[in-house]
file my_file.txt (compact mmCIF, C-alpha atoms and all ligand atoms)
# COMPACT_ATOMS: atom_id res chain seq x y z
CA MET A 1 100.96 -109.74 -32.55
CA TRP A 2 103.44 -107.29 -30.99
CA LEU A 3 102.57 -106.53 -27.35
CA GLY A 4 104.28 -103.72 -25.48
CA VAL A 5 103.92 -103.09 -21.75
CA VAL A 6 104.89 -100.01 -19.77
CA SER A 7 105.27 -101.09 -16.14
CA VAL A 8 107.50 -100.56 -13.13
CA PHE A 9 107.18 -104.30 -12.44
CA PRO A 10 108.04 -106.00 -15.75
CA GLU A 11 108.98 -109.21 -13.90
CA MET A 12 105.29 -109.79 -13.16
CA PHE A 13 104.68 -110.58 -16.83
CA SER A 14 106.53 -113.87 -16.51
CA ALA A 15 103.17 -115.12 -15.20
CA LEU A 16 101.91 -114.63 -18.75
CA THR A 17 104.98 -115.70 -20.70
CA GLY A 18 105.83 -118.72 -18.54
CA PHE A 19 102.64 -120.71 -18.18
CA GLY A 20 99.82 -122.48 -19.96
CA VAL A 21 98.29 -121.43 -23.25
CA THR A 22 99.83 -117.97 -23.21
CA GLY A 23 103.29 -119.31 -22.34
CA ARG A 24 103.13 -121.75 -25.23
CA ALA A 25 102.05 -118.97 -27.62
CA PHE A 26 105.11 -116.92 -26.67
CA ARG A 27 107.43 -119.92 -26.87
CA GLN A 28 106.13 -120.71 -30.34
CA GLN A 29 106.68 -117.06 -31.27
CA GLN A 30 103.07 -116.50 -32.26
CA LEU A 31 103.39 -113.25 -30.28
CA SER A 32 106.12 -111.14 -28.80
CA LEU A 33 106.12 -109.24 -25.50
CA HIS A 34 108.27 -106.13 -25.00
CA CYS A 35 108.48 -104.58 -21.53
CA PHE A 36 109.46 -100.97 -20.92
CA ASN A 37 110.20 -99.75 -17.40
CA PRO A 38 109.51 -96.06 -16.67
CA ARG A 39 112.29 -96.22 -14.03
CA ASP A 40 114.77 -96.40 -16.90
CA TYR A 41 113.61 -92.89 -17.81
CA GLY A 42 113.49 -91.42 -14.26
CA GLU A 43 115.95 -88.58 -13.87
CA SER A 44 117.03 -88.96 -10.24
CA VAL A 45 119.69 -91.44 -9.13
CA SER A 46 116.98 -93.40 -7.37
CA ARG A 47 115.10 -93.64 -10.71
CA ARG A 48 111.92 -92.37 -9.05
CA VAL A 49 108.83 -92.17 -11.17
CA ASP A 50 106.38 -90.87 -8.55
CA ASP A 51 105.87 -87.69 -6.58
CA ARG A 52 103.44 -86.18 -4.08
CA PRO A 53 100.07 -85.04 -5.42
CA TYR A 54 99.45 -81.36 -5.99
CA GLY A 55 96.75 -80.22 -3.60
CA GLY A 56 97.88 -82.67 -0.94
CA GLY A 57 96.28 -85.92 0.07
CA PRO A 58 97.47 -89.47 0.55
CA GLY A 59 99.70 -91.52 -1.74
CA MET A 60 101.89 -90.73 -4.69
CA VAL A 61 101.22 -90.00 -8.35
CA MET A 62 103.16 -91.35 -11.34
CA GLN A 63 105.03 -88.51 -13.03
CA ILE A 64 104.45 -87.48 -16.57
CA ASP A 65 108.02 -87.22 -17.90
CA PRO A 66 109.45 -90.72 -17.27
CA LEU A 67 106.18 -92.27 -18.38
CA ARG A 68 106.04 -90.22 -21.55
CA LYS A 69 109.65 -91.00 -22.47
CA CYS A 70 109.01 -94.66 -21.76
CA ILE A 71 105.91 -94.73 -23.97
CA GLN A 72 107.83 -92.97 -26.72
CA ALA A 73 110.58 -95.60 -26.48
CA ALA A 74 107.95 -98.32 -26.76
CA ARG A 75 106.41 -96.63 -29.81
CA GLN A 76 109.84 -96.31 -31.41
CA GLN A 77 110.63 -99.97 -30.87
CA ALA A 78 107.28 -100.86 -32.42
CA VAL A 79 108.08 -98.65 -35.42
CA ASP A 80 111.49 -100.31 -35.76
CA ALA A 81 109.68 -103.64 -35.83
CA GLY A 82 107.46 -102.37 -38.65
CA PHE A 83 104.36 -101.26 -36.69
CA ILE A 84 103.19 -97.69 -37.08
CA ASP A 85 100.47 -95.82 -35.16
CA VAL A 86 100.50 -98.32 -32.31
CA PRO A 87 97.71 -97.42 -29.87
CA VAL A 88 98.33 -97.05 -26.14
CA HIS A 89 95.73 -98.70 -23.93
CA GLY A 90 95.75 -97.77 -20.25
CA LEU A 91 94.42 -99.79 -17.36
CA SER A 92 92.24 -97.88 -14.92
CA PRO A 93 89.24 -98.53 -12.67
CA GLN A 94 87.81 -95.44 -14.38
CA GLY A 95 88.15 -96.94 -17.84
CA GLN A 96 85.59 -98.56 -20.11
CA PRO A 97 84.48 -101.92 -18.64
CA VAL A 98 86.14 -104.70 -20.66
CA LYS A 99 83.75 -106.92 -22.62
CA GLN A 100 84.48 -109.84 -24.91
CA ALA A 101 83.30 -107.80 -27.93
CA ALA A 102 86.05 -105.26 -27.26
CA ILE A 103 88.59 -108.04 -26.83
CA GLN A 104 87.57 -109.44 -30.22
CA GLU A 105 88.23 -106.05 -31.82
CA LEU A 106 91.56 -105.52 -30.05
CA ALA A 107 92.64 -109.03 -31.04
CA THR A 108 92.66 -107.96 -34.69
CA LEU A 109 95.27 -105.23 -34.08
CA PRO A 110 98.85 -106.04 -35.09
CA ALA A 111 100.38 -104.20 -32.12
CA ILE A 112 99.26 -102.64 -28.81
CA ILE A 113 101.06 -100.90 -25.93
CA PHE A 114 99.54 -101.36 -22.46
CA LEU A 115 100.17 -98.76 -19.78
CA CYS A 116 100.08 -99.96 -16.16
CA GLY A 117 99.47 -97.45 -13.40
CA ARG A 118 100.60 -97.75 -9.76
CA TYR A 119 100.13 -95.74 -6.55
CA GLU A 120 97.20 -93.27 -6.67
CA GLY A 121 97.36 -93.30 -10.45
CA ILE A 122 98.98 -91.35 -13.27
CA ASP A 123 99.33 -87.61 -13.86
CA GLU A 124 96.21 -86.74 -15.84
CA ARG A 125 98.17 -84.82 -18.47
CA LEU A 126 100.02 -87.99 -19.50
CA LEU A 127 96.68 -89.70 -20.09
CA GLN A 128 95.50 -86.78 -22.22
CA LEU A 129 98.70 -86.72 -24.27
CA GLU A 130 99.49 -90.38 -24.83
CA VAL A 131 96.62 -92.72 -24.06
CA ASP A 132 94.07 -93.70 -26.69
CA GLN A 133 91.70 -95.71 -24.49
CA GLU A 134 91.42 -96.79 -20.85
CA TRP A 135 90.01 -100.13 -19.74
CA SER A 136 88.65 -101.32 -16.40
CA VAL A 137 88.52 -104.99 -15.42
CA GLY A 138 85.71 -104.36 -12.94
CA ASP A 139 84.27 -102.06 -10.32
CA PHE A 140 86.99 -102.73 -7.77
CA VAL A 141 90.48 -101.40 -7.24
CA VAL A 142 93.72 -103.40 -7.37
CA SER A 143 97.19 -102.08 -6.57
CA GLY A 144 98.49 -101.81 -10.10
CA GLY A 145 97.66 -102.16 -13.78
CA GLU A 146 99.84 -105.24 -14.30
CA LEU A 147 97.24 -107.88 -13.39
CA PRO A 148 94.48 -106.11 -15.37
CA ALA A 149 96.86 -105.80 -18.34
CA MET A 150 97.69 -109.48 -18.13
CA MET A 151 94.00 -110.32 -18.07
CA LEU A 152 93.44 -108.36 -21.26
CA MET A 153 96.51 -109.79 -22.92
CA ASP A 154 95.54 -113.36 -22.02
CA ALA A 155 92.09 -112.75 -23.48
CA LEU A 156 93.65 -111.35 -26.67
CA ILE A 157 96.24 -114.09 -27.00
CA ARG A 158 93.74 -116.94 -26.81
CA LEU A 159 91.87 -115.42 -29.77
CA GLN A 160 94.95 -115.37 -32.01
CA PRO A 161 94.78 -117.94 -34.81
CA GLY A 162 96.40 -121.24 -33.86
CA VAL A 163 96.89 -120.42 -30.17
CA LEU A 164 94.17 -122.65 -28.76
CA GLY A 165 94.55 -126.35 -29.49
CA CYS A 166 90.99 -126.58 -30.82
CA GLY A 167 90.10 -123.54 -32.90
CA LEU A 168 86.46 -123.88 -31.97
CA SER A 169 86.89 -123.67 -28.22
CA ALA A 170 87.07 -119.86 -28.02
CA ALA A 171 83.99 -119.63 -30.24
CA GLN A 172 82.10 -121.77 -27.73
CA ASP A 173 83.13 -119.84 -24.63
CA SER A 174 80.84 -117.56 -22.67
CA PHE A 175 80.11 -114.19 -24.36
CA ALA A 176 81.27 -115.41 -27.80
CA GLY A 177 78.93 -115.62 -30.78
CA GLU A 178 75.42 -114.97 -29.55
CA GLY A 179 76.59 -113.44 -26.28
CA LEU A 180 75.36 -116.31 -24.10
CA LEU A 181 77.08 -118.03 -21.17
CA ASP A 182 78.73 -121.38 -21.87
CA CYS A 183 76.94 -124.67 -21.14
CA PRO A 184 77.99 -126.92 -18.20
CA HIS A 185 80.81 -129.40 -18.86
CA TYR A 186 81.40 -132.92 -17.53
CA THR A 187 84.12 -135.54 -17.76
CA ARG A 188 84.76 -138.99 -16.28
CA PRO A 189 83.60 -140.64 -14.08
CA PRO A 190 79.95 -140.83 -15.21
CA VAL A 191 78.72 -140.95 -11.58
CA TYR A 192 80.40 -139.24 -8.64
CA ALA A 193 79.02 -138.93 -5.10
CA GLY A 194 75.59 -139.88 -6.44
CA GLN A 195 75.72 -137.17 -9.12
CA SER A 196 75.31 -138.41 -12.68
CA VAL A 197 76.40 -136.87 -15.93
CA PRO A 198 73.28 -135.87 -17.94
CA GLU A 199 72.29 -138.92 -19.99
CA VAL A 200 72.14 -137.08 -23.29
CA LEU A 201 75.90 -136.46 -23.14
CA LEU A 202 76.49 -140.23 -23.09
CA SER A 203 74.01 -140.91 -25.89
CA GLY A 204 76.35 -140.36 -28.86
CA ASP A 205 73.49 -138.44 -30.55
CA HIS A 206 75.34 -135.34 -31.74
CA GLN A 207 72.22 -133.38 -32.65
CA ALA A 208 70.58 -134.11 -29.29
CA ILE A 209 73.80 -133.10 -27.51
CA ALA A 210 74.05 -129.83 -29.46
CA ASP A 211 70.37 -129.04 -28.70
CA TRP A 212 70.82 -129.81 -25.01
CA ARG A 213 73.91 -127.63 -24.79
CA TYR A 214 72.22 -124.72 -26.50
CA GLN A 215 69.21 -125.03 -24.21
CA GLN A 216 71.57 -125.04 -21.20
CA GLN A 217 73.29 -121.90 -22.47
CA LEU A 218 69.96 -120.13 -22.71
CA GLN A 219 68.82 -121.38 -19.31
CA ARG A 220 72.04 -120.35 -17.57
CA THR A 221 72.14 -116.95 -19.21
CA ALA A 222 68.53 -116.25 -18.25
CA GLU A 223 69.14 -117.36 -14.65
CA ARG A 224 72.57 -115.88 -14.03
CA ARG A 225 72.79 -112.86 -16.30
CA PRO A 226 69.41 -111.25 -16.92
CA ASP A 227 71.24 -108.33 -18.59
CA LEU A 228 72.75 -110.59 -21.26
CA TRP A 229 69.49 -112.51 -21.56
CA GLN A 230 67.51 -109.38 -22.35
CA GLN A 231 70.10 -108.42 -24.99
CA TRP A 232 69.87 -111.89 -26.53
CA LEU A 233 66.06 -111.65 -26.64
CA LEU A 234 66.33 -108.33 -28.45
CA ARG A 235 68.80 -109.71 -31.00
CA ALA A 236 67.30 -113.16 -31.60
CA SER A 237 65.14 -113.68 -34.65
CA ASP A 238 61.43 -114.27 -33.97
CA LYS A 239 61.78 -117.91 -34.97
CA VAL A 240 64.63 -118.61 -32.59
CA ARG A 241 63.05 -116.56 -29.81
CA ILE A 242 59.78 -118.46 -30.01
CA LYS A 243 61.57 -121.80 -30.21
CA TYR A 244 63.90 -121.28 -27.26
CA SER A 245 62.54 -118.58 -25.00
CA GLY A 246 59.56 -120.60 -23.85
CA GLU A 247 58.26 -120.69 -20.31
CA ASN A 248 60.80 -123.39 -19.32
CA ILE A 249 63.53 -120.77 -19.30
CA ALA A 250 63.76 -118.78 -16.09
CA GLY A 251 63.57 -115.04 -16.50
CA ASN A 252 60.84 -115.14 -19.14
CA GLU A 253 57.59 -113.49 -18.22
N1 LIG B 301 93.14 -93.80 -7.43
C1 LIG B 301 92.72 -94.62 -8.54
C2 LIG B 301 91.21 -94.58 -8.65
O1 LIG B 301 90.56 -94.67 -7.60
O2 LIG B 301 90.67 -94.50 -9.77
C3 LIG B 301 93.16 -96.07 -8.34
C4 LIG B 301 94.62 -96.28 -8.48
S1 LIG B 301 95.08 -97.99 -8.36
C5 LIG B 301 95.51 -98.17 -6.69
C6 LIG B 301 96.60 -98.06 -9.19
C7 LIG B 301 96.54 -98.57 -10.62
O3 LIG B 301 95.98 -99.88 -10.64
C8 LIG B 301 95.70 -97.79 -11.59
O4 LIG B 301 96.40 -96.66 -12.09
C9 LIG B 301 95.39 -98.79 -12.65
O5 LIG B 301 96.44 -98.90 -13.60
C10 LIG B 301 95.31 -100.10 -11.87
N2 LIG B 301 93.94 -100.53 -11.57
C11 LIG B 301 93.36 -100.60 -10.36
N3 LIG B 301 92.12 -101.07 -10.42
C12 LIG B 301 91.87 -101.34 -11.72
C13 LIG B 301 90.76 -101.83 -12.44
N4 LIG B 301 89.62 -102.15 -11.84
N5 LIG B 301 90.87 -101.98 -13.78
C14 LIG B 301 92.01 -101.65 -14.42
N6 LIG B 301 93.10 -101.15 -13.79
C15 LIG B 301 93.05 -101.00 -12.47
call {"tool": "encode", "arguments": {"input": "my_file.txt", "output": "structure tokens"}}
result
Amino acid sequence: MWLGVVSVFPEMFSALTGFGVTGRAFRQQQLSLHCFNPRDYGESVSRRVDDRPYGGGPGMVMQIDPLRKCIQAARQQAVDAGFIDVPVHGLSPQGQPVKQAAIQELATLPAIIFLCGRYEGIDERLLQLEVDQEWSVGDFVVSGGELPAMMLMDALIRLQPGVLGCGLSAAQDSFAGEGLLDCPHYTRPPVYAGQSVPEVLLSGDHQAIADWRYQQQLQRTAERRPDLWQQWLLRASDKVRIKYSGENIAGNE
């Protein structure tokens, strides 16, 4: 996967390329990251990319021209690498809330360019001209699009074939598959501060363990995320719903 990033702070992306699962994926060249800095396309000596907002008010706005040239340079580099029609995905608190289903779709794309805003945001005309989709990582505001972009990229990278040590682990995470939360996990020691690991997990009975885990997923989803639970109830077949959505699961009437 070819990942492009338009950001005035490209150094921040070393957090993604230098550590953990994502760092290993880049080192093993399962993906490539290409950073483009709008300052390289700013016209003034100071390479400014922001200006005061029309109409007054606090803060600064990212200017259209350096951003547009920067995005075009990113597109061109993608074309040179053999990727055409590469979409530009912006990060914005006003964007579509990111869900795992969207990540699964994006993860199938061969190439994406992420656009990171700063200051009060980006000149609206740039968004109209160049951006295909905007994504929000939650109903709160951070100072720039770099951390949200890294969150999306991390989520995409871990879905790429061969990136996670155990191929199944992403399929068993929260929101995957049936859209349930993950089950609780335990490791050694078997007892700590009077708290024991559930006996079934020590039983060696794989079917009993799988049943217990599934039951825990349902229980947790019903308790913690009634929104997801209601969606699961709507999707589940009658047989499964009757089997698992009994009165022992919180949230059932
Ligand atoms: N004035 C903007 C608003 O209220 O919609 C917020 C601008 S914010 C300080 C600067 C940049 O951070 C945004 O352009 C965007 O790229 C990024 N950003 C902030 N919060 C975000 C969120 N929840 N999701 C995605 N990006 C976000």
call {"tool": "closest_atom_pairs", "arguments": {"input": "my_file.txt", "of": "chain A", "to": "ligand LIG 301 (chain B)", "cutoff": "6 Å", "atoms": "only C-alpha atoms and all ligand atoms", "output": "JSON lines"}}
result
{"residue": "A:Leu91", "atom": "CA", "partner": "B:LIG301", "partner_atom": "N6", "distance": 4.0}
{"residue": "A:Ser92", "atom": "CA", "partner": "B:LIG301", "partner_atom": "N6", "distance": 3.6}
{"residue": "A:Pro93", "atom": "CA", "partner": "B:LIG301", "partner_atom": "C13", "distance": 3.6}
{"residue": "A:Gln94", "atom": "CA", "partner": "B:LIG301", "partner_atom": "O2", "distance": 5.5}
{"residue": "A:Cys116", "atom": "CA", "partner": "B:LIG301", "partner_atom": "O5", "distance": 4.6}
{"residue": "A:Gly117", "atom": "CA", "partner": "B:LIG301", "partner_atom": "O5", "distance": 3.4}
{"residue": "A:Arg118", "atom": "CA", "partner": "B:LIG301", "partner_atom": "C6", "distance": 4.1}
{"residue": "A:Tyr119", "atom": "CA", "partner": "B:LIG301", "partner_atom": "C6", "distance": 5.0}
{"residue": "A:Glu120", "atom": "CA", "partner": "B:LIG301", "partner_atom": "N1", "distance": 4.2}
{"residue": "A:Gly121", "atom": "CA", "partner": "B:LIG301", "partner_atom": "O4", "distance": 3.9}
{"residue": "A:Trp135", "atom": "CA", "partner": "B:LIG301", "partner_atom": "C14", "distance": 5.9}
{"residue": "A:Ser136", "atom": "CA", "partner": "B:LIG301", "partner_atom": "N5", "distance": 3.5}
{"residue": "A:Val137", "atom": "CA", "partner": "B:LIG301", "partner_atom": "N5", "distance": 4.2}
{"residue": "A:Gly138", "atom": "CA", "partner": "B:LIG301", "partner_atom": "N4", "distance": 4.6}
{"residue": "A:Asp139", "atom": "CA", "partner": "B:LIG301", "partner_atom": "N4", "distance": 5.6}
{"residue": "A:Phe140", "atom": "CA", "partner": "B:LIG301", "partner_atom": "N4", "distance": 4.9}
{"residue": "A:Val141", "atom": "CA", "partner": "B:LIG301", "partner_atom": "N3", "distance": 3.6}
{"residue": "A:Val142", "atom": "CA", "partner": "B:LIG301", "partner_atom": "C11", "distance": 4.1}
{"residue": "A:Ser143", "atom": "CA", "partner": "B:LIG301", "partner_atom": "C5", "distance": 4.3}
{"residue": "A:Gly144", "atom": "CA", "partner": "B:LIG301", "partner_atom": "O3", "distance": 3.2}
{"residue": "A:Gly145", "atom": "CA", "partner": "B:LIG301", "partner_atom": "O5", "distance": 3.5}
{"residue": "A:Pro148", "atom": "CA", "partner": "B:LIG301", "partner_atom": "C14", "distance": 5.2}
call {"tool": "atom_distance", "arguments": {"input": "my_file.txt", "atom1": "CA of Thr187 in chain A", "atom2": "CA of Leu202 in chain A"}}
result
10.4 Å
call {"tool": "atom_distance", "arguments": {"input": "my_file.txt", "atom1": "CA of Tyr41 in chain A", "atom2": "CA of Pro66 in chain A"}}
result
4.7 Å
call {"tool": "closest_residue", "arguments": {"input": "my_file.txt", "among": "A:Val200, A:Leu159, A:Val49, A:Leu31", "to": "Thr108 in chain A", "atoms": "only C-alpha atoms"}}
result
A:Leu159
call {"tool": "axis_aligned_box", "arguments": {"input": "my_file.txt", "around": "range 43-58 of chain A", "padding_each_side": "4 Å", "output": "JSON"}}
result
{"center_x": 108.0, "center_y": -86.9, "center_z": -6.7, "size_x": 31.4, "size_y": 21.4, "size_z": 22.4}
call {"tool": "decode", "arguments": {"input": "my_file.txt", "residues": "range 171-187 of chain A", "atoms": "N, CA and C atoms", "output": "compact mmCIF listing (two decimals), in the first residue's frame"}}
result
# COMPACT_ATOMS: atom_id res chain seq x y z
N ALA A 171 -9.22 -10.17 13.04
CA ALA A 171 -10.59 -10.66 12.85
C ALA A 171 -11.30 -10.84 14.19
N GLN A 172 -10.51 -10.97 15.27
CA GLN A 172 -11.13 -11.18 16.58
C GLN A 172 -11.21 -9.90 17.40
N ASP A 173 -10.75 -8.80 16.85
CA ASP A 173 -10.80 -7.53 17.58
C ASP A 173 -12.24 -7.02 17.68
N SER A 174 -12.41 -6.05 18.57
CA SER A 174 -13.69 -5.34 18.64
C SER A 174 -14.07 -4.79 17.27
N PHE A 175 -15.36 -4.78 16.98
CA PHE A 175 -15.98 -4.20 15.77
C PHE A 175 -15.78 -5.05 14.51
N ALA A 176 -14.88 -6.07 14.58
CA ALA A 176 -14.69 -6.90 13.38
C ALA A 176 -15.87 -7.88 13.27
N GLY A 177 -15.95 -8.55 12.16
CA GLY A 177 -16.93 -9.63 11.98
C GLY A 177 -18.35 -9.20 12.29
N GLU A 178 -18.86 -9.69 13.43
CA GLU A 178 -20.25 -9.43 13.78
C GLU A 178 -20.49 -8.05 14.40
N GLY A 179 -19.44 -7.27 14.53
CA GLY A 179 -19.61 -5.91 15.08
C GLY A 179 -19.74 -5.89 16.59
N LEU A 180 -19.20 -6.91 17.25
CA LEU A 180 -19.26 -6.97 18.72
C LEU A 180 -17.95 -6.46 19.32
N LEU A 181 -17.97 -6.14 20.63
CA LEU A 181 -16.72 -5.84 21.33
C LEU A 181 -15.97 -7.15 21.56
N ASP A 182 -14.67 -7.01 21.78
CA ASP A 182 -13.83 -8.19 22.03
C ASP A 182 -14.14 -8.76 23.43
N CYS A 183 -13.75 -10.00 23.65
CA CYS A 183 -13.91 -10.62 24.97
C CYS A 183 -12.75 -10.18 25.88
N PRO A 184 -12.87 -10.40 27.22
CA PRO A 184 -11.73 -10.07 28.10
C PRO A 184 -10.58 -11.05 27.88
N HIS A 185 -9.36 -10.60 28.15
CA HIS A 185 -8.17 -11.44 27.98
C HIS A 185 -7.42 -11.56 29.29
N TYR A 186 -6.75 -12.67 29.47
CA TYR A 186 -5.97 -12.94 30.69
C TYR A 186 -4.66 -13.61 30.31
N THR A 187 -3.64 -13.39 31.16
CA THR A 187 -2.41 -14.17 31.01
C THR A 187 -1.87 -14.46 32.41
